[in-house]
Structure formats: C-alpha cells, structure tokens
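Structure below is run21.txt: compact mmCIF, C-alpha atoms.
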```txt
# COMPACT_ATOMS: atom_id res chain seq x y z
CA MET A 1 -10.90 5.66 28.97
CA PRO A 2 -8.77 4.90 25.90
CA LEU A 3 -5.32 6.45 25.80
CA LEU A 4 -5.99 8.22 22.50
CA LEU A 5 -9.06 9.96 23.93
CA ILE A 6 -7.07 11.09 26.98
CA LEU A 7 -4.34 12.49 24.72
CA ILE A 8 -6.89 14.37 22.60
CA ILE A 9 -8.52 15.89 25.68
CA LEU A 10 -5.13 16.91 27.11
CA SER A 11 -4.02 18.41 23.79
CA ILE A 12 -7.10 20.63 23.88
CA ALA A 13 -7.23 21.30 27.64
CA ILE A 14 -3.59 22.28 28.21
CA PRO A 15 -3.51 25.20 25.74
CA ILE A 16 -6.88 26.44 27.07
CA ALA A 17 -5.54 26.23 30.64
CA TRP A 18 -2.43 28.13 29.53
CA LEU A 19 -4.58 30.85 27.96
CA LEU A 20 -6.71 31.16 31.11
CA SER A 21 -3.61 31.22 33.35
CA GLU A 22 -2.45 34.39 31.60
CA PHE A 23 -5.20 36.28 33.43
CA TYR A 24 -3.86 35.26 36.85
CA SER A 25 -0.73 36.34 38.72
CA ASP A 26 0.74 32.85 39.35
CA ARG A 27 3.82 33.09 37.15
CA PRO A 28 5.22 29.53 37.72
CA ALA A 29 1.84 28.03 36.69
CA ARG A 30 1.75 30.16 33.52
CA ILE A 31 5.27 29.08 32.59
CA ALA A 32 4.59 25.40 33.33
CA LEU A 33 1.34 25.40 31.34
CA GLY A 34 3.04 27.24 28.46
CA VAL A 35 5.87 24.71 28.31
CA LEU A 36 3.36 21.83 28.46
CA ALA A 37 1.24 23.37 25.69
CA ILE A 38 4.27 23.81 23.42
CA ALA A 39 5.52 20.30 24.18
CA THR A 40 2.05 18.93 23.41
CA SER A 41 2.05 20.67 20.04
CA PHE A 42 5.41 19.08 19.19
CA GLY A 43 4.06 15.69 20.23
CA ILE A 44 0.99 16.11 18.02
CA ALA A 45 3.14 17.20 15.06
CA SER A 46 5.37 14.17 15.54
CA LEU A 47 2.36 11.84 15.69
CA VAL A 48 0.82 13.31 12.53
CA GLY A 49 4.19 13.04 10.74
CA SER A 50 4.58 9.37 11.65
CA ILE A 51 1.02 8.63 10.47
CA VAL A 52 1.71 10.33 7.13
CA ARG A 53 5.00 8.42 6.71
CA GLY A 54 3.19 5.16 7.45
CA LEU A 55 0.52 5.90 4.87
CA GLU A 56 3.17 6.77 2.27
CA GLY A 57 4.90 3.46 2.96
CA MET A 58 1.65 1.56 2.45
CA ARG A 59 1.02 3.39 -0.82
CA ALA A 60 4.50 2.45 -2.04
CA ASN A 61 3.87 -1.18 -1.10
CA VAL A 62 0.67 -1.22 -3.15
CA TYR A 63 2.44 0.46 -6.08
CA PHE A 64 5.18 -2.17 -6.26
CA SER A 65 2.97 -5.13 -5.27
CA GLU A 66 0.46 -4.68 -8.08
CA ALA A 67 3.14 -4.37 -10.77
CA THR A 68 5.19 -7.25 -9.37
CA LYS A 69 2.10 -9.45 -9.25
CA ASP A 70 1.55 -8.83 -12.98
CA LEU A 71 5.22 -9.46 -13.75
CA ILE A 72 5.26 -12.79 -11.92
CA GLN A 73 1.94 -14.05 -13.27
CA ASN A 74 2.72 -13.23 -16.91
CA THR A 75 6.24 -14.63 -16.68
CA ILE A 76 4.86 -17.93 -15.36
CA ILE A 77 2.20 -18.09 -18.07
CA GLU A 78 4.67 -17.45 -20.85
CA LEU A 79 7.20 -19.95 -19.47
CA GLU A 80 4.42 -22.54 -19.32
CA ASN A 81 3.66 -21.68 -22.96
CA ASN A 82 7.27 -22.65 -23.85
CA ARG A 83 8.46 -19.13 -24.66
CA PRO A 84 11.60 -18.88 -22.46
CA ASP A 85 13.60 -17.07 -25.15
CA VAL A 86 11.08 -14.20 -25.34
CA VAL A 87 10.78 -14.04 -21.55
CA LEU A 88 14.55 -13.97 -21.06
CA ARG A 89 15.07 -11.28 -23.73
CA GLU A 90 12.35 -9.05 -22.27
CA LEU A 91 13.53 -9.58 -18.69
CA LYS A 92 16.99 -8.41 -19.77
CA ASN A 93 15.40 -5.36 -21.41
CA LEU A 94 13.44 -4.66 -18.22
CA ARG A 95 16.61 -4.97 -16.14
CA SER A 96 18.52 -2.57 -18.39
CA GLU A 97 15.71 0.03 -18.34
CA PHE A 98 15.03 -0.13 -14.58
CA ARG A 99 17.15 2.48 -12.73
CA PRO A 100 15.55 3.33 -9.41
CA THR A 101 17.04 5.72 -6.88
CA TYR A 102 15.99 6.69 -3.39
CA GLU A 103 14.17 9.67 -4.93
CA THR A 104 12.23 7.91 -7.68
CA ARG A 105 10.47 4.65 -8.45
CA ASP A 106 11.64 4.87 -12.08
CA GLU A 107 8.08 4.25 -13.29
CA TYR A 108 8.29 0.60 -12.29
CA ASP A 109 4.64 -0.04 -13.12
CA THR A 110 5.08 1.39 -16.64
CA LEU A 111 8.18 -0.72 -17.26
CA VAL A 112 6.41 -3.86 -16.06
CA ASP A 113 3.39 -3.01 -18.22
CA ARG A 114 5.66 -2.70 -21.26
CA TYR A 115 7.31 -6.02 -20.35
CA ILE A 116 4.06 -7.98 -20.01
CA HIS A 117 2.74 -6.58 -23.29
CA ALA A 118 6.04 -7.46 -25.01
CA ILE A 119 5.93 -11.12 -23.92
CA SER A 120 2.21 -11.73 -24.43
CA SER A 121 -0.42 -10.73 -26.95
CA SER A 122 -3.08 -10.99 -24.22
CA PRO A 123 -1.39 -10.29 -20.85
CA VAL A 124 -3.08 -10.94 -17.54
CA GLU A 125 -3.32 -7.65 -15.68
CA HIS A 126 -4.16 -6.88 -12.10
CA GLU A 127 -7.05 -4.45 -11.83
CA GLY A 128 -6.39 -1.64 -9.30
CA GLY A 129 -7.33 -2.61 -5.76
CA ALA A 130 -8.65 -6.11 -6.51
CA ARG A 131 -6.72 -9.06 -5.11
CA GLU A 132 -7.46 -11.21 -8.15
CA TRP A 133 -6.24 -10.70 -11.70
CA SER A 134 -8.65 -9.48 -14.36
CA HIS A 135 -9.07 -12.96 -15.85
CA GLU A 136 -10.11 -14.28 -12.43
CA LEU A 137 -12.72 -11.55 -12.07
CA GLN A 138 -14.19 -12.46 -15.46
CA GLY A 139 -14.95 -15.99 -14.35
CA ASP A 140 -11.91 -17.94 -15.60
CA LYS A 141 -10.91 -19.58 -12.29
CA SER A 142 -8.80 -22.39 -13.75
CA THR A 143 -5.49 -20.53 -13.44
CA ALA A 144 -6.43 -19.11 -10.04
CA ALA A 145 -7.18 -22.58 -8.68
CA ASP A 146 -3.80 -23.84 -9.89
CA THR A 147 -1.74 -20.98 -8.44
CA SER A 148 -3.42 -19.78 -5.24
CA PRO A 149 -4.64 -21.74 -2.23
CA ALA A 150 -8.27 -21.44 -1.21
CA PRO A 151 -9.00 -19.52 1.99
CA PRO A 152 -9.54 -21.82 4.99
CA SER A 153 -13.16 -20.70 5.42
CA ALA A 154 -14.08 -21.26 1.78
CA ALA A 155 -16.25 -24.31 1.26
CA PRO A 156 -16.53 -25.84 -2.19
CA LYS A 157 -19.65 -24.71 -3.99
CA SER A 158 -21.97 -27.12 -5.68
CA PRO A 159 -22.57 -26.52 -9.37
CA GLN A 160 -25.65 -24.48 -10.08
CA THR A 161 -28.09 -25.35 -12.82
CA ASP A 162 -30.27 -22.95 -14.75
CA GLU A 163 -33.96 -23.67 -14.45
```
Mind turning the file's structure into structure tokens?
Amino acid sequence: MPLLLILIILSIAIPIAWLLSEFYSDRPARIALGVLAIATSFGIASLVGSIVRGLEGMRANVYFSEATKDLIQNTIIELENNRPDVVLRELKNLRSEFRPTYETRDEYDTLVDRYIHAISSSPVEHEGGAREWSHELQGDKSTAADTSPAPPSAAPKSPQTDE
C-alpha cells in the first residue's frame, strides 16, 4: 500500500477514533487519540503549506524563464544584425529600471517586453506556455535549428510534396 494512501487513511481514522473514544471511560486512550489527532492535523497543514510553496516557486520560475528567454533571443538577433550600440543602450536602460526586492518582481516581464520592443521593430516573443518562440510556431524553423539542438528521439523528416 503506498505511503500516501496510508497517511490519508490515518488522517481520517485517527480523528474518528478520537471522537468514538469520547463515549468510553478509558481516559488514557482518549488523551492519546486526541494528541495523535491534533498532531496529524499539524502534519497535514505542514504538508499542504510545503506543496503551496513549491507551486509558488514553480510559478516564479516560469515567470522569469519566459521573459529571460525573450531577452536572450532578441539580444542575440540584434547583435547578429550588427546593432550593438542599440542593444548596449537599451540593456543599460533595462538595468537602471530594474529594482527587484524580496517582496516584488519589479514587473520584470514588462521591462523585458519594453526592452525587446526598443531594440527591434519585429521582436521574437515567447508565447505563454509554449517551449518555442512565436516565429518557430509559425513555421520559420531556420533560427530554431541554428540555436537549439534537436531532441535525441527526433528523426529528420523527409520533405513532403503536394499532390
């Protein structure tokens, strides 16, 4: 029986046993079951809290990852287009505007969005949740092939012809 299932059954059974023990005269059993039931509730609260903290951490990772992916990709594109002066100026602007604290993300995604639109008239943007950039999803795979390795299981496809 999986450990999680055992814990769920115990977290339900112990309080019920405590409630039932209140109708009997065995005082040590009532006290022991009461202490176990209260301890179980603290354990459950701790488990739920750690799950919520873990989910918050994952959400923060996605928040920063998507914006950073756009920042890196657009910086590379504009440097390849021989525009280092524009990139450097806008990176300095981004640095001066970015003031994060432990309480706030300082709208990092908005600042990066402003940066990529300042350096490019047609920036490459990451669409929410997709691993590829929007230009890759639209069929332009030339940049993707140059910058990202193919997955090991991906076999090259033969060109298809319209009949």
Can you build me a table of region 41-104 of chain A residues sitting at most 12 Å from region 1-12 of chain A, with the closest atom pair per residue and its distance in Å to one decimal, using all atoms listed in the file, sorted by chain and residue number, as a tab-separated table?
```
residue	atom	partner	partner_atom	distance
A:Ser41	CA	A:Ser11	CA	7.5
A:Phe42	CA	A:Ser11	CA	10.5
A:Gly43	CA	A:Ser11	CA	9.2
A:Ile44	CA	A:Ser11	CA	8.0
A:Ala45	CA	A:Ser11	CA	11.4
A:Leu47	CA	A:Leu7	CA	11.3
```
Between A:Val35, A:Val48, A:Ile116, A:Met58, which residue has the minimum interatomic distance to Ile76 (chain A), considering all atoms listed in the file?
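For Ile76 (chain A), the nearest of the candidates is A:Ile116.
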Distance criterion (all atoms listed in the file): nearest to Ile119 (chain A) out of A:Ala17, A:Ile51, A:Ile31, A:Ile77:
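Result for the nearest residue to Ile119 (chain A): A:Ile77.
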What would the list of residues within 12 Å of (10.1, 2.3, -13.4) (file frame) look like as a list in words, if all atoms listed in the file are what count?
Tyr63, Phe64, Ala67, Thr68, Leu94, Arg95, Ser96, Glu97, Phe98, Arg99, Pro100, Thr101, Glu103, Thr104, Arg105, Asp106, Glu107, Tyr108, Asp109, Thr110, Leu111, Val112, Asp113, Arg114 and Tyr115 of chain A
Between A:Tyr102, A:Val62, A:Ser120, A:Thr40, which has the minimum distance to Glu90 (chain A) (counting only C-alpha atoms)?
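Checking each candidate against Glu90 (chain A), we get A:Ser120 as the closest.
For the choices A:Ala39, A:Arg27, A:Val87, A:His126, the atom-to-atom distance to Ile14 (chain A) is smallest for A:Ala39 when using only C-alpha atoms.
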Interatomic distance (Å, one decimal) between CA of Ser50 (chain A) and CA of Pro15 (chain A):
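If I compute the distance from CA of Ser50 (chain A) to CA of Pro15 (chain A), I get 22.7 Å.
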Just the number, please: distance in Å from CA of Trp18 (chain A) to CA of Arg30 (chain A), one decimal.
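CA of Arg30 (chain A) lies 6.1 Å from CA of Trp18 (chain A).
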Here is a test: counting all atoms listed in the file, which residue of A:Ala13, A:Arg53, A:Pro123, A:His117 is nearest to Gly34 (chain A)?
A:Ala13
Find the distance between CA of Asn93 (chain A) and CA of Ser121 (chain A) and write it in Å to one decimal.
17.6 Å
Taking N, CA and C atoms as the atom set, what does region 78-91 of chain A look like once completed, written as a PDB file, keeping the file's coordinate frame?
```
ATOM      1  N   GLU A  78       3.898 -17.343 -19.629  1.00  0.00           N
ATOM      2  CA  GLU A  78       4.670 -17.450 -20.850  1.00  0.00           C
ATOM      3  C   GLU A  78       5.733 -18.553 -20.783  1.00  0.00           C
ATOM      4  N   LEU A  79       6.285 -18.814 -19.607  1.00  0.00           N
ATOM      5  CA  LEU A  79       7.200 -19.950 -19.470  1.00  0.00           C
ATOM      6  C   LEU A  79       6.460 -21.267 -19.646  1.00  0.00           C
ATOM      7  N   GLU A  80       5.242 -21.337 -19.113  1.00  0.00           N
ATOM      8  CA  GLU A  80       4.420 -22.540 -19.320  1.00  0.00           C
ATOM      9  C   GLU A  80       4.028 -22.716 -20.783  1.00  0.00           C
ATOM     10  N   ASN A  81       3.967 -21.627 -21.532  1.00  0.00           N
ATOM     11  CA  ASN A  81       3.660 -21.680 -22.960  1.00  0.00           C
ATOM     12  C   ASN A  81       4.915 -21.919 -23.812  1.00  0.00           C
ATOM     13  N   ASN A  82       6.003 -22.339 -23.172  1.00  0.00           N
ATOM     14  CA  ASN A  82       7.270 -22.650 -23.850  1.00  0.00           C
ATOM     15  C   ASN A  82       7.816 -21.470 -24.653  1.00  0.00           C
ATOM     16  N   ARG A  83       7.887 -20.309 -24.006  1.00  0.00           N
ATOM     17  CA  ARG A  83       8.460 -19.130 -24.660  1.00  0.00           C
ATOM     18  C   ARG A  83       9.594 -18.547 -23.815  1.00  0.00           C
ATOM     19  N   PRO A  84      10.534 -19.393 -23.346  1.00  0.00           N
ATOM     20  CA  PRO A  84      11.600 -18.880 -22.460  1.00  0.00           C
ATOM     21  C   PRO A  84      12.515 -17.873 -23.144  1.00  0.00           C
ATOM     22  N   ASP A  85      12.718 -18.006 -24.458  1.00  0.00           N
ATOM     23  CA  ASP A  85      13.600 -17.070 -25.150  1.00  0.00           C
ATOM     24  C   ASP A  85      13.031 -15.654 -25.138  1.00  0.00           C
ATOM     25  N   VAL A  86      11.730 -15.523 -25.358  1.00  0.00           N
ATOM     26  CA  VAL A  86      11.080 -14.200 -25.340  1.00  0.00           C
ATOM     27  C   VAL A  86      11.102 -13.633 -23.919  1.00  0.00           C
ATOM     28  N   VAL A  87      10.805 -14.487 -22.945  1.00  0.00           N
ATOM     29  CA  VAL A  87      10.780 -14.040 -21.550  1.00  0.00           C
ATOM     30  C   VAL A  87      12.166 -13.566 -21.129  1.00  0.00           C
ATOM     31  N   LEU A  88      13.190 -14.350 -21.445  1.00  0.00           N
ATOM     32  CA  LEU A  88      14.550 -13.970 -21.060  1.00  0.00           C
ATOM     33  C   LEU A  88      14.977 -12.666 -21.722  1.00  0.00           C
ATOM     34  N   ARG A  89      14.703 -12.510 -23.011  1.00  0.00           N
ATOM     35  CA  ARG A  89      15.070 -11.280 -23.730  1.00  0.00           C
ATOM     36  C   ARG A  89      14.386 -10.066 -23.098  1.00  0.00           C
ATOM     37  N   GLU A  90      13.092 -10.191 -22.827  1.00  0.00           N
ATOM     38  CA  GLU A  90      12.350  -9.050 -22.270  1.00  0.00           C
ATOM     39  C   GLU A  90      12.717  -8.774 -20.818  1.00  0.00           C
ATOM     40  N   LEU A  91      13.056  -9.819 -20.059  1.00  0.00           N
ATOM     41  CA  LEU A  91      13.530  -9.580 -18.690  1.00  0.00           C
ATOM     42  C   LEU A  91      14.859  -8.822 -18.695  1.00  0.00           C
TER      43      LEU A  91
END
```
